[in-house]
$ cat my_file_15.txt   # compact mmCIF, C-alpha atoms and all ligand atoms
# COMPACT_ATOMS: atom_id res chain seq x y z
CA MET A 1 -37.31 -1.00 -30.14
CA THR A 2 -36.00 2.52 -29.50
CA VAL A 3 -34.71 3.09 -25.99
CA SER A 4 -35.16 6.69 -24.92
CA LEU A 5 -32.57 8.89 -23.29
CA THR A 6 -32.47 9.06 -19.48
CA THR A 7 -30.84 12.15 -18.01
CA VAL A 8 -29.88 12.25 -14.34
CA PRO A 9 -28.76 15.59 -12.90
CA VAL A 10 -26.04 15.67 -10.25
CA ASP A 11 -26.85 18.79 -8.25
CA LEU A 12 -23.67 20.24 -6.81
CA GLY A 13 -24.13 23.98 -7.22
CA PRO A 14 -21.35 25.33 -9.44
CA ARG A 15 -20.04 21.79 -9.99
CA SER A 16 -23.40 20.40 -11.21
CA TYR A 17 -23.50 18.21 -14.31
CA GLU A 18 -25.65 15.74 -16.20
CA VAL A 19 -25.36 12.01 -16.62
CA ARG A 20 -26.92 10.96 -19.94
CA ILE A 21 -27.72 7.29 -20.43
CA ALA A 22 -28.88 5.65 -23.70
CA PRO A 23 -27.66 3.34 -26.43
CA GLY A 24 -25.92 5.21 -29.27
CA LEU A 25 -24.72 8.27 -27.33
CA LEU A 26 -21.14 7.92 -28.52
CA ALA A 27 -22.17 9.04 -32.01
CA GLU A 28 -23.39 12.31 -30.48
CA ALA A 29 -20.35 12.86 -28.25
CA GLY A 30 -18.98 15.70 -30.39
CA THR A 31 -22.17 17.76 -30.27
CA ALA A 32 -22.59 17.04 -26.55
CA ILE A 33 -19.04 18.09 -25.71
CA ALA A 34 -18.72 21.10 -28.04
CA PRO A 35 -20.53 23.55 -25.69
CA LEU A 36 -17.92 22.81 -22.99
CA LEU A 37 -14.98 23.82 -25.16
CA ARG A 38 -13.19 27.16 -25.33
CA ARG A 39 -11.05 25.87 -28.21
CA PRO A 40 -12.23 22.93 -30.37
CA ARG A 41 -9.69 20.38 -29.08
CA VAL A 42 -9.67 17.55 -26.53
CA ALA A 43 -7.19 15.01 -25.12
CA ILE A 44 -8.53 11.46 -24.92
CA VAL A 45 -7.21 8.99 -22.32
CA THR A 46 -8.29 5.41 -22.92
CA ASP A 47 -7.02 1.84 -22.76
CA GLU A 48 -5.83 -0.31 -25.65
CA THR A 49 -8.86 -2.62 -25.62
CA VAL A 50 -11.37 0.23 -25.70
CA ALA A 51 -9.30 2.05 -28.33
CA ALA A 52 -9.33 -0.98 -30.62
CA LEU A 53 -13.09 -1.45 -30.27
CA HIS A 54 -14.59 2.01 -29.94
CA LEU A 55 -12.07 4.82 -30.57
CA PRO A 56 -12.93 5.12 -34.29
CA ALA A 57 -16.57 5.85 -33.38
CA LEU A 58 -15.56 8.52 -30.86
CA GLU A 59 -13.09 10.07 -33.31
CA GLU A 60 -15.75 10.18 -36.00
CA ALA A 61 -18.16 11.93 -33.63
CA LEU A 62 -15.50 14.50 -32.69
CA ASP A 63 -14.47 15.04 -36.31
CA HIS A 64 -18.11 15.58 -37.22
CA ALA A 65 -18.29 18.40 -34.66
CA GLY A 66 -14.95 19.88 -35.81
CA ILE A 67 -13.15 18.98 -32.57
CA ALA A 68 -9.45 18.11 -32.88
CA HIS A 69 -8.25 15.21 -30.73
CA LYS A 70 -5.15 13.41 -29.50
CA THR A 71 -5.24 10.02 -27.80
CA LEU A 72 -3.18 8.17 -25.20
CA ALA A 73 -4.06 4.46 -24.95
CA LEU A 74 -2.76 2.64 -21.86
CA PRO A 75 -2.59 -1.10 -21.17
CA PRO A 76 -5.94 -2.42 -19.92
CA GLY A 77 -6.49 -3.63 -16.35
CA GLU A 78 -6.29 -2.61 -12.71
CA ALA A 79 -2.46 -2.57 -12.69
CA THR A 80 -2.70 0.58 -14.84
CA LYS A 81 -4.27 2.49 -11.93
CA GLY A 82 -0.94 3.28 -10.23
CA TRP A 83 1.84 5.83 -9.87
CA ALA A 84 3.67 4.94 -13.10
CA SER A 85 0.59 5.44 -15.28
CA LEU A 86 -0.35 8.63 -13.45
CA GLN A 87 3.04 10.11 -14.30
CA ARG A 88 2.69 8.93 -17.89
CA VAL A 89 -0.77 10.49 -18.29
CA VAL A 90 0.18 13.80 -16.70
CA GLU A 91 3.38 14.16 -18.75
CA TRP A 92 1.46 13.25 -21.91
CA LEU A 93 -1.24 15.85 -21.16
CA LEU A 94 1.47 18.45 -20.62
CA ALA A 95 3.21 17.47 -23.86
CA ALA A 96 -0.17 17.74 -25.61
CA GLN A 97 -0.36 21.29 -24.19
CA VAL A 98 -3.70 20.82 -22.51
CA GLU A 99 -4.31 24.25 -21.05
CA ARG A 100 -5.89 25.21 -17.72
CA GLY A 101 -9.16 25.73 -19.63
CA GLY A 102 -8.78 22.54 -21.71
CA LEU A 103 -10.78 19.34 -21.57
CA VAL A 104 -9.75 15.72 -20.97
CA LEU A 105 -11.96 12.82 -22.09
CA ALA A 106 -11.80 9.70 -19.91
CA PHE A 107 -12.86 6.99 -22.35
CA GLY A 108 -12.98 3.57 -20.74
CA GLY A 109 -13.86 1.66 -17.61
CA GLY A 110 -13.36 2.63 -13.99
CA VAL A 111 -9.60 2.29 -14.22
CA ILE A 112 -9.36 4.94 -16.95
CA GLY A 113 -12.02 7.14 -15.33
CA ASP A 114 -10.31 7.16 -11.93
CA LEU A 115 -6.81 7.61 -13.39
CA ALA A 116 -7.60 10.23 -16.04
CA GLY A 117 -9.91 12.04 -13.62
CA PHE A 118 -7.11 12.25 -11.05
CA ALA A 119 -4.62 13.38 -13.70
CA ALA A 120 -7.11 16.11 -14.67
CA ALA A 121 -7.51 17.07 -10.99
CA ILE A 122 -3.81 17.74 -10.54
CA LEU A 123 -2.85 18.99 -14.01
CA ARG A 124 -2.18 22.73 -13.76
CA ARG A 125 -4.04 22.41 -10.39
CA GLY A 126 -7.19 21.20 -12.09
CA VAL A 127 -8.60 21.00 -15.60
CA ARG A 128 -12.09 19.85 -16.53
CA PHE A 129 -12.86 16.35 -17.74
CA VAL A 130 -15.72 14.41 -19.26
CA GLN A 131 -16.49 10.80 -18.42
CA LEU A 132 -17.28 8.49 -21.36
CA PRO A 133 -17.72 5.24 -19.40
CA THR A 134 -17.53 2.02 -21.41
CA THR A 135 -18.05 -0.69 -18.75
CA LEU A 136 -21.20 -1.50 -16.80
CA LEU A 137 -19.31 -0.71 -13.61
CA ALA A 138 -18.20 2.68 -14.87
CA GLN A 139 -21.67 3.58 -16.19
CA VAL A 140 -23.55 2.66 -13.03
CA ASP A 141 -21.00 3.89 -10.52
CA SER A 142 -17.45 5.10 -11.12
CA SER A 143 -18.12 7.81 -13.73
CA VAL A 144 -20.43 9.63 -11.31
CA GLY A 145 -19.55 11.38 -8.06
CA GLY A 146 -16.04 12.69 -8.58
CA LYS A 147 -13.94 10.14 -6.66
CA THR A 148 -10.71 9.94 -8.67
CA GLY A 149 -7.41 8.33 -7.79
CA ILE A 150 -4.92 5.50 -7.97
CA ASN A 151 -4.05 2.42 -5.92
CA SER A 152 -1.05 1.87 -3.67
CA PRO A 153 0.43 -1.49 -2.65
CA ALA A 154 -0.85 -0.44 0.81
CA GLY A 155 -4.44 -0.25 -0.35
CA LYS A 156 -7.08 0.73 -2.92
CA ASN A 157 -7.58 4.32 -4.02
CA LEU A 158 -5.33 5.64 -1.24
CA ILE A 159 -4.05 8.52 -3.37
CA GLY A 160 -6.68 10.70 -5.01
CA ALA A 161 -8.92 13.71 -5.07
CA PHE A 162 -12.58 14.64 -5.35
CA HIS A 163 -12.87 16.13 -8.83
CA GLN A 164 -16.28 16.15 -10.51
CA PRO A 165 -16.62 15.59 -14.26
CA SER A 166 -18.33 18.26 -16.37
CA LEU A 167 -20.54 15.72 -18.14
CA VAL A 168 -21.07 11.94 -18.22
CA LEU A 169 -22.17 10.20 -21.43
CA ALA A 170 -23.04 6.54 -20.86
CA ASP A 171 -23.62 4.80 -24.19
CA THR A 172 -25.10 1.46 -23.10
CA ALA A 173 -24.63 -0.01 -26.59
CA VAL A 174 -20.84 -0.15 -26.10
CA LEU A 175 -21.41 -2.64 -23.25
CA GLY A 176 -22.19 -5.19 -25.97
CA THR A 177 -18.47 -5.80 -26.54
CA LEU A 178 -17.61 -6.39 -22.86
CA ALA A 179 -16.18 -9.77 -21.92
CA PRO A 180 -18.83 -11.68 -19.93
CA ARG A 181 -16.63 -11.65 -16.82
CA ASP A 182 -16.28 -7.84 -16.98
CA PHE A 183 -20.05 -7.47 -17.42
CA ARG A 184 -20.66 -9.70 -14.38
CA ALA A 185 -18.11 -7.80 -12.30
CA GLY A 186 -19.87 -4.53 -13.14
CA TYR A 187 -23.12 -6.12 -12.05
CA GLY A 188 -21.54 -6.42 -8.58
CA GLU A 189 -21.89 -2.62 -8.27
CA VAL A 190 -25.40 -2.64 -9.80
CA VAL A 191 -26.70 -5.07 -7.18
CA LYS A 192 -24.93 -3.06 -4.47
CA TYR A 193 -27.41 -0.22 -5.05
CA GLY A 194 -30.40 -2.51 -4.43
CA LEU A 195 -28.76 -3.97 -1.35
CA LEU A 196 -27.84 -0.64 0.18
CA GLY A 197 -31.00 1.33 -0.34
CA ASP A 198 -33.73 -0.04 -2.62
CA ALA A 199 -35.24 -3.45 -1.82
CA ALA A 200 -37.70 -3.19 -4.74
CA PHE A 201 -34.78 -2.64 -7.14
CA PHE A 202 -33.07 -5.75 -5.72
CA THR A 203 -36.25 -7.77 -6.23
CA TRP A 204 -36.48 -6.48 -9.82
CA LEU A 205 -32.83 -7.45 -10.38
CA GLU A 206 -33.48 -10.98 -9.11
CA GLY A 207 -35.76 -11.34 -12.13
CA ALA A 208 -34.07 -9.09 -14.69
CA GLY A 209 -30.38 -9.63 -13.78
CA PRO A 210 -29.73 -12.86 -15.69
CA GLY A 211 -31.05 -11.39 -18.97
CA LEU A 212 -29.72 -7.87 -18.47
CA ALA A 213 -26.88 -8.01 -21.01
CA SER A 214 -29.29 -8.76 -23.85
CA ASP A 215 -32.14 -6.41 -22.89
CA PRO A 216 -31.27 -2.80 -23.90
CA ALA A 217 -34.23 -1.22 -22.08
CA ALA A 218 -33.58 -3.14 -18.85
CA LEU A 219 -29.91 -2.22 -19.06
CA VAL A 220 -30.71 1.49 -19.25
CA ARG A 221 -33.15 1.07 -16.37
CA ALA A 222 -30.56 -0.70 -14.20
CA VAL A 223 -27.80 1.84 -14.94
CA ALA A 224 -30.19 4.76 -14.46
CA ARG A 225 -31.47 3.53 -11.09
CA GLY A 226 -27.94 3.14 -9.75
CA VAL A 227 -26.91 6.54 -11.08
CA GLU A 228 -30.06 8.17 -9.71
CA MET A 229 -29.35 6.77 -6.24
CA LYS A 230 -25.68 7.73 -6.41
CA ALA A 231 -26.46 11.25 -7.67
CA GLY A 232 -28.79 11.79 -4.71
CA VAL A 233 -26.25 10.62 -2.16
CA VAL A 234 -23.41 12.62 -3.76
CA ALA A 235 -25.52 15.79 -3.92
CA ARG A 236 -26.20 15.49 -0.17
CA ASP A 237 -22.69 14.42 0.86
CA GLU A 238 -20.11 15.10 -1.85
CA THR A 239 -16.98 14.43 0.21
CA GLU A 240 -18.21 11.51 2.33
CA GLU A 241 -18.67 13.16 5.69
CA GLY A 242 -21.60 10.82 6.39
CA GLU A 243 -24.21 9.25 4.12
CA ARG A 244 -21.86 8.70 1.14
CA ALA A 245 -20.10 5.94 3.10
CA LEU A 246 -23.16 3.77 2.31
CA LEU A 247 -21.86 3.53 -1.28
CA ASN A 248 -18.96 1.62 0.27
CA LEU A 249 -21.16 -1.40 1.05
CA GLY A 250 -18.97 -4.47 0.46
CA HIS A 251 -15.82 -2.39 -0.04
CA THR A 252 -14.10 -2.79 3.35
CA PHE A 253 -13.81 -6.51 2.62
CA GLY A 254 -13.55 -6.12 -1.18
CA HIS A 255 -10.72 -3.58 -1.16
CA ALA A 256 -8.71 -5.73 1.28
CA LEU A 257 -9.14 -8.69 -1.08
CA GLU A 258 -8.01 -6.62 -4.06
CA ALA A 259 -4.91 -5.39 -2.21
CA ALA A 260 -4.21 -8.96 -1.04
CA THR A 261 -4.22 -10.17 -4.64
CA GLY A 262 -1.88 -7.35 -5.71
CA TYR A 263 -4.62 -5.90 -8.01
CA ASP A 264 -4.24 -8.97 -10.18
CA GLY A 265 -7.41 -9.01 -12.23
CA ALA A 266 -6.84 -12.62 -13.21
CA ARG A 267 -7.65 -13.56 -9.60
CA LEU A 268 -10.12 -10.85 -8.62
CA LEU A 269 -11.78 -7.86 -10.30
CA HIS A 270 -13.08 -4.89 -8.30
CA GLY A 271 -16.74 -5.75 -8.91
CA GLU A 272 -16.10 -9.36 -7.87
CA GLY A 273 -14.51 -8.09 -4.66
CA VAL A 274 -17.58 -5.93 -4.09
CA ALA A 275 -19.86 -8.95 -4.63
CA ILE A 276 -17.93 -11.02 -2.08
CA GLY A 277 -17.79 -8.00 0.22
CA CYS A 278 -21.57 -7.49 0.02
CA ALA A 279 -22.13 -11.17 0.84
CA LEU A 280 -19.76 -10.87 3.81
CA ALA A 281 -21.41 -7.64 5.00
CA PHE A 282 -24.78 -9.43 5.10
CA ASP A 283 -23.17 -12.48 6.80
CA LEU A 284 -21.68 -10.18 9.43
CA SER A 285 -24.96 -8.31 9.89
CA ALA A 286 -26.84 -11.60 10.44
CA ARG A 287 -24.10 -12.88 12.78
CA LEU A 288 -24.55 -9.72 14.89
CA GLY A 289 -28.33 -10.22 14.90
CA LEU A 290 -28.85 -6.98 12.98
CA CYS A 291 -30.66 -8.41 9.95
CA PRO A 292 -32.95 -11.40 9.31
CA GLN A 293 -31.06 -14.70 9.05
CA GLU A 294 -32.50 -15.38 5.58
CA ALA A 295 -31.12 -12.13 4.04
CA PRO A 296 -27.53 -13.43 3.52
CA SER A 297 -28.80 -16.57 1.78
CA ARG A 298 -30.96 -14.48 -0.57
CA VAL A 299 -27.98 -12.26 -1.40
CA ALA A 300 -25.65 -15.24 -1.98
CA ALA A 301 -28.28 -17.01 -4.10
CA HIS A 302 -28.65 -14.01 -6.41
CA LEU A 303 -24.88 -13.54 -6.74
CA ALA A 304 -24.57 -17.24 -7.62
CA ALA A 305 -27.41 -16.94 -10.16
CA MET A 306 -25.42 -14.13 -11.79
CA GLY A 307 -22.22 -16.16 -11.84
CA LEU A 308 -20.56 -13.89 -9.28
CA PRO A 309 -18.39 -15.11 -6.41
CA SER A 310 -19.60 -14.70 -2.82
CA ARG A 311 -17.04 -16.60 -0.68
CA LEU A 312 -13.36 -16.10 0.14
CA ALA A 313 -12.87 -19.63 -1.13
CA ASP A 314 -13.67 -18.27 -4.61
CA VAL A 315 -10.38 -16.28 -4.63
CA PRO A 316 -7.24 -18.40 -5.00
CA GLY A 317 -4.17 -17.88 -2.82
CA LEU A 318 -5.48 -15.39 -0.27
CA PRO A 319 -3.37 -14.62 2.82
CA ASP A 320 -4.77 -15.53 6.27
CA ASP A 321 -7.56 -13.63 8.02
CA ALA A 322 -5.16 -11.62 10.21
CA ALA A 323 -3.47 -10.31 7.06
CA LEU A 324 -6.84 -9.38 5.53
CA ILE A 325 -7.88 -7.57 8.72
CA ALA A 326 -4.55 -5.70 8.69
CA LEU A 327 -5.25 -4.58 5.11
CA MET A 328 -8.71 -3.36 6.19
CA GLY A 329 -6.85 -1.01 8.56
CA GLN A 330 -6.06 1.20 5.53
CA ASP A 331 -9.78 1.65 4.72
CA LYS A 332 -10.67 5.33 4.36
CA LYS A 333 -13.64 4.87 6.72
CA VAL A 334 -11.27 4.11 9.63
CA LYS A 335 -11.90 6.68 12.36
CA ASP A 336 -9.76 7.17 15.46
CA GLY A 337 -7.96 3.93 14.62
CA LYS A 338 -11.21 1.91 14.53
CA LEU A 339 -12.67 0.11 11.53
CA ARG A 340 -16.17 1.08 10.43
CA PHE A 341 -18.35 -1.22 8.34
CA VAL A 342 -21.40 -0.71 6.17
CA LEU A 343 -23.89 -3.24 7.58
CA ALA A 344 -27.57 -3.89 6.88
CA ARG A 345 -30.81 -4.10 8.81
CA ASP A 346 -32.26 -5.89 5.79
CA ILE A 347 -31.95 -5.95 2.00
CA GLY A 348 -32.25 -2.29 0.93
CA ASP A 349 -31.49 -0.88 4.38
CA ALA A 350 -27.77 -0.30 4.96
CA PHE A 351 -26.15 1.78 7.68
CA VAL A 352 -22.64 2.60 8.92
CA ALA A 353 -21.57 0.82 12.12
CA ASP A 354 -18.53 1.95 14.09
CA ASP A 355 -18.75 -0.51 16.97
CA VAL A 356 -18.31 -3.87 15.25
CA PRO A 357 -16.54 -6.49 17.42
CA MET A 358 -13.45 -7.72 15.60
CA GLU A 359 -14.14 -11.27 16.81
CA ALA A 360 -17.33 -11.21 14.72
CA VAL A 361 -15.37 -9.97 11.67
CA ALA A 362 -12.81 -12.75 12.16
CA ALA A 363 -15.58 -15.35 12.55
CA THR A 364 -17.27 -14.08 9.36
CA LEU A 365 -14.02 -14.39 7.41
CA ALA A 366 -13.31 -17.86 8.81
CA ALA A 367 -16.81 -19.06 7.88
CA ALA A 368 -16.39 -17.73 4.31
CA ARG A 369 -13.19 -19.74 3.68
N1 LIG B 401 -14.57 6.43 -8.68
C1 LIG B 401 -15.53 5.65 -8.24
O1 LIG B 401 -16.54 6.10 -7.67
C2 LIG B 401 -15.44 4.17 -8.49
C3 LIG B 401 -16.57 3.37 -8.30
C4 LIG B 401 -16.47 2.01 -8.56
C5 LIG B 401 -15.27 1.47 -9.01
N2 LIG B 401 -14.20 2.29 -9.19
C6 LIG B 401 -12.94 1.75 -9.72
O2 LIG B 401 -13.18 1.26 -11.04
C7 LIG B 401 -12.21 0.28 -11.35
C8 LIG B 401 -12.86 -0.90 -12.02
O3 LIG B 401 -13.49 -0.45 -13.20
P1 LIG B 401 -13.90 -1.48 -14.36
O4 LIG B 401 -14.52 -2.67 -13.76
O5 LIG B 401 -14.62 -0.68 -15.34
O6 LIG B 401 -12.48 -1.97 -14.87
P2 LIG B 401 -11.59 -1.58 -16.14
O7 LIG B 401 -11.56 -0.16 -16.39
O8 LIG B 401 -10.29 -2.30 -15.92
O9 LIG B 401 -12.37 -2.31 -17.33
C9 LIG B 401 -12.51 -3.70 -17.30
C10 LIG B 401 -12.02 -4.33 -18.61
O10 LIG B 401 -12.96 -4.06 -19.63
C11 LIG B 401 -12.30 -3.56 -20.79
N3 LIG B 401 -13.29 -2.72 -21.47
C12 LIG B 401 -13.74 -1.51 -21.12
N4 LIG B 401 -14.77 -1.14 -21.89
C13 LIG B 401 -14.97 -2.12 -22.77
C14 LIG B 401 -15.90 -2.35 -23.79
N5 LIG B 401 -16.89 -1.48 -24.05
N6 LIG B 401 -15.82 -3.50 -24.51
C15 LIG B 401 -14.85 -4.42 -24.24
N7 LIG B 401 -13.96 -4.27 -23.24
C16 LIG B 401 -14.02 -3.14 -22.52
C17 LIG B 401 -11.09 -2.87 -20.28
O11 LIG B 401 -10.11 -2.78 -21.27
C18 LIG B 401 -10.69 -3.77 -19.12
O12 LIG B 401 -9.92 -4.85 -19.60
C19 LIG B 401 -11.53 -0.07 -10.05
O13 LIG B 401 -10.25 0.52 -10.01
C20 LIG B 401 -12.40 0.55 -8.99
O14 LIG B 401 -11.69 0.89 -7.83
C21 LIG B 401 -14.26 3.61 -8.93
O1 LIG B 402 -18.51 6.79 -4.91
C1 LIG B 402 -18.39 6.30 -3.79
O2 LIG B 402 -18.44 6.98 -2.76
C2 LIG B 402 -18.16 4.85 -3.64
O3 LIG B 402 -17.86 4.38 -2.56
C3 LIG B 402 -18.30 4.00 -4.86
C4 LIG B 402 -17.44 2.75 -4.81
O4 LIG B 402 -18.08 1.78 -5.65
C5 LIG B 402 -16.04 2.95 -5.37
O5 LIG B 402 -15.39 1.71 -5.49
C6 LIG B 402 -15.18 3.93 -4.61
O6 LIG B 402 -14.02 4.23 -5.32
C7 LIG B 402 -14.76 3.40 -3.27
O7 LIG B 402 -14.41 4.49 -2.52
P1 LIG B 402 -13.18 4.54 -1.52
O8 LIG B 402 -13.31 5.89 -0.91
O9 LIG B 402 -13.36 3.42 -0.55
O10 LIG B 402 -11.94 4.38 -2.33
ZN ZN B 403 -16.72 0.10 -6.00
$ encode --input "my_file_15.txt" --output "structure tokens" --more "lines below"
Ligand SMILES: NC(=O)c1ccc[n+]([C@@H]2O[C@H](COP(=O)([O-])OP(=O)(O)OC[C@H]3O[C@@H](n4cnc5c(N)ncnc54)[C@H](O)[C@@H]3O)[C@@H](O)[C@H]2O)c1
Ligand SMILES: O=C(O)C(=O)C[C@@H](O)[C@H](O)[C@H](O)COP(=O)(O)O
Ligand SMILES: [Zn+2]
Amino acid sequence: MTVSLTTVPVDLGPRSYEVRIAPGLLAEAGTAIAPLLRRPRVAIVTDETVAALHLPALEEALDHAGIAHKTLALPPGEATKGWASLQRVVEWLLAAQVERGGLVLAFGGGVIGDLAGFAAAILRRGVRFVQLPTTLLAQVDSSVGGKTGINSPAGKNLIGAFHQPSLVLADTAVLGTLAPRDFRAGYGEVVKYGLLGDAAFFTWLEGAGPGLASDPAALVRAVARGVEMKAGVVARDETEEGERALLNLGHTFGHALEAATGYDGARLLHGEGVAIGCALAFDLSARLGLCPQEAPSRVAAHLAAMGLPSRLADVPGLPDDAALIALMGQDKKVKDGKLRFVLARDIGDAFVADDVPMEAVAATLAAAR
């Protein structure tokens, strides 16, 4: 069966771009990128796993379009999204003589997209980049919207910039080589979109989720729905003055868990943290009487059906609740020294709350142990 191309525009005036989603897009990357180039050359930033599996296909597509290329392949994993790699990428881009009008290709998952995007944002005060996302997480979420950056031991994504890509090409066929755990973690961000703003999408995922990896049409539909929702939010609130904070559902808890595990992917991946965080956000909402009592059980049941974690007990060796709450203090939604949470009135109906009693947060964490 042929799966047709879905194109989602991200309307940001002079920074507008397209997100193209379909199996097989990598083979057309050269022709898609060529119109963006002043000189026929690009610098590719990737990781070693993606390079081994998919770089030859990208190189062939670029060669076919007469585009010269150089590649930097970094070690895979969240630990790469830090200061040391940033320096390495920037110095490599300078050595490769990427000019102010040049183009960087971020070819990989969210780690490479965030890191290479940030390097592009600060190189010569900003060069353009294209996102070629190769994980489910990166296709449905991180390649779109222009949040770029790196982690600090103090917290997730605390150093970064808004820098929009010039184009996003999401080839869903490359997801076929993902490790099952990485696919599941990416699904954590897919389900987030249903939970935050589209109850019908969540209901569809309850049926389609378990077979998603082996259904190319459903995969494009799931990625496209998330991207469509994200594009709308980003177009209305690019720099998170308001509505964009909804995309942070599950992240106040999830980011604290990631920082607490020292960004050690063996214990917790970002999408797994988001899954646990979404479950906790619904627990907290029900505890505060804001959403129906059955909503958290429905969320937890679907996460379990997908093989995703939903409890703190699922993460080995976590520090105590006071330490987790202290880590939440670095969340970028903190305002006037007070934590803000994305909570829900029901599945598909999230909102930002700035008056959450910390006793309720502590009780939610304790109950999830
Ligand atoms: N900027 C944003 O809006 C945004 C949104 C969500 C998440 N993020 C960030 O994204 C990061 C997580 O991204 P991720 O889950 O993609 O992690 P990742 O980039 O570490 O990729 C996960 C693993 O999959 C491997 N991989 C990638 N593509 C593959 C493929 N096609 N086949 C086989 N293996 C492949 C990688 O080598 C890596 O080991 C986190 O740092 C998170 O903070 C950013
Ligand atoms: O794009 C956004 O906005 C998001 O919140 C998407 C999140 O999935 C992503 O993890 C983002 O990087 C988190 O944002 P942060 O500002 O809390 O770092
Ligand atoms: Zn996220």
$ atom_distance --input "my_file_15.txt" --atom1 "CA of Asp63 (chain A)" --atom2 "CA of Gly109 (chain A)"
23.0 Å
$ atom_distance --input "my_file_15.txt" --atom1 "CA of Gly186 (chain A)" --atom2 "CA of Val361 (chain A)"
25.8 Å
$ closest_residue --input "my_file_15.txt" --among "A:Gly13, A:Gly207, A:Gly226, A:Gly348" --to "ligand LIG 402 (chain B)" --atoms "only C-alpha atoms and all ligand atoms"
A:Gly226
$ closest_residue --input "my_file_15.txt" --among "A:Leu247, A:Val174, A:Leu25, A:Leu288" --to "ligand LIG 401 (chain B)" --atoms "all atoms listed in the file"
A:Val174
$ residues_near_ligand --input "my_file_15.txt" --ligand "ligand ZN 403 (chain B)" --cutoff "7 Å" --atoms "all atoms listed in the file" --output "MDAnalysis selection string"
chainID A and resid 189 248 251 270:271 274
$ decode --input "my_file_15.txt" --residues "region 205-247 of chain A" --atoms "C-alpha atoms" --output "mmCIF file, in the first residue's frame"
data_model
loop_
_atom_site.group_PDB
_atom_site.id
_atom_site.type_symbol
_atom_site.label_atom_id
_atom_site.label_comp_id
_atom_site.auth_asym_id
_atom_site.auth_seq_id
_atom_site.Cartn_x
_atom_site.Cartn_y
_atom_site.Cartn_z
ATOM 1 C CA LEU A 205 -4.493 5.648 19.996
ATOM 2 C CA GLU A 206 -5.999 3.279 22.578
ATOM 3 C CA GLY A 207 -6.913 1.086 19.613
ATOM 4 C CA ALA A 208 -4.104 1.827 17.155
ATOM 5 C CA GLY A 209 -1.168 2.328 19.577
ATOM 6 C CA PRO A 210 -0.176 -1.313 20.131
ATOM 7 C CA GLY A 211 0.084 -1.987 16.366
ATOM 8 C CA LEU A 212 1.496 1.403 15.388
ATOM 9 C CA ALA A 213 5.081 0.295 14.680
ATOM 10 C CA SER A 214 3.927 -2.149 12.004
ATOM 11 C CA ASP A 215 1.221 -0.029 10.349
ATOM 12 C CA PRO A 216 2.820 2.574 8.011
ATOM 13 C CA ALA A 217 -0.416 4.489 7.366
ATOM 14 C CA ALA A 218 -1.329 4.665 11.062
ATOM 15 C CA LEU A 219 2.197 5.792 11.856
ATOM 16 C CA VAL A 220 1.973 8.706 9.418
ATOM 17 C CA ARG A 221 -1.448 9.572 10.836
ATOM 18 C CA ALA A 222 -0.145 9.567 14.430
ATOM 19 C CA VAL A 223 2.948 11.651 13.607
ATOM 20 C CA ALA A 224 0.909 14.054 11.465
ATOM 21 C CA ARG A 225 -1.740 14.647 14.145
ATOM 22 C CA GLY A 226 0.902 15.477 16.749
ATOM 23 C CA VAL A 227 2.759 17.752 14.338
ATOM 24 C CA GLU A 228 -0.476 19.446 13.259
ATOM 25 C CA MET A 229 -1.368 20.208 16.879
ATOM 26 C CA LYS A 230 2.155 21.385 17.681
ATOM 27 C CA ALA A 231 2.347 23.567 14.562
ATOM 28 C CA GLY A 232 -0.894 25.292 15.566
ATOM 29 C CA VAL A 233 0.279 25.983 19.099
ATOM 30 C CA VAL A 234 3.723 27.176 17.956
ATOM 31 C CA ALA A 235 2.224 29.476 15.312
ATOM 32 C CA ARG A 236 0.081 31.131 18.012
ATOM 33 C CA ASP A 237 2.752 31.232 20.738
ATOM 34 C CA GLU A 238 6.255 30.687 19.359
ATOM 35 C CA THR A 239 8.208 31.618 22.491
ATOM 36 C CA GLU A 240 5.911 30.141 25.151
ATOM 37 C CA GLU A 241 4.347 33.245 26.606
ATOM 38 C CA GLY A 242 1.138 31.277 27.224
ATOM 39 C CA GLU A 243 -0.518 28.425 25.336
ATOM 40 C CA ARG A 244 2.740 26.693 24.322
ATOM 41 C CA ALA A 245 3.257 25.635 27.950
ATOM 42 C CA LEU A 246 0.539 23.011 27.324
ATOM 43 C CA LEU A 247 3.119 21.069 25.271
#
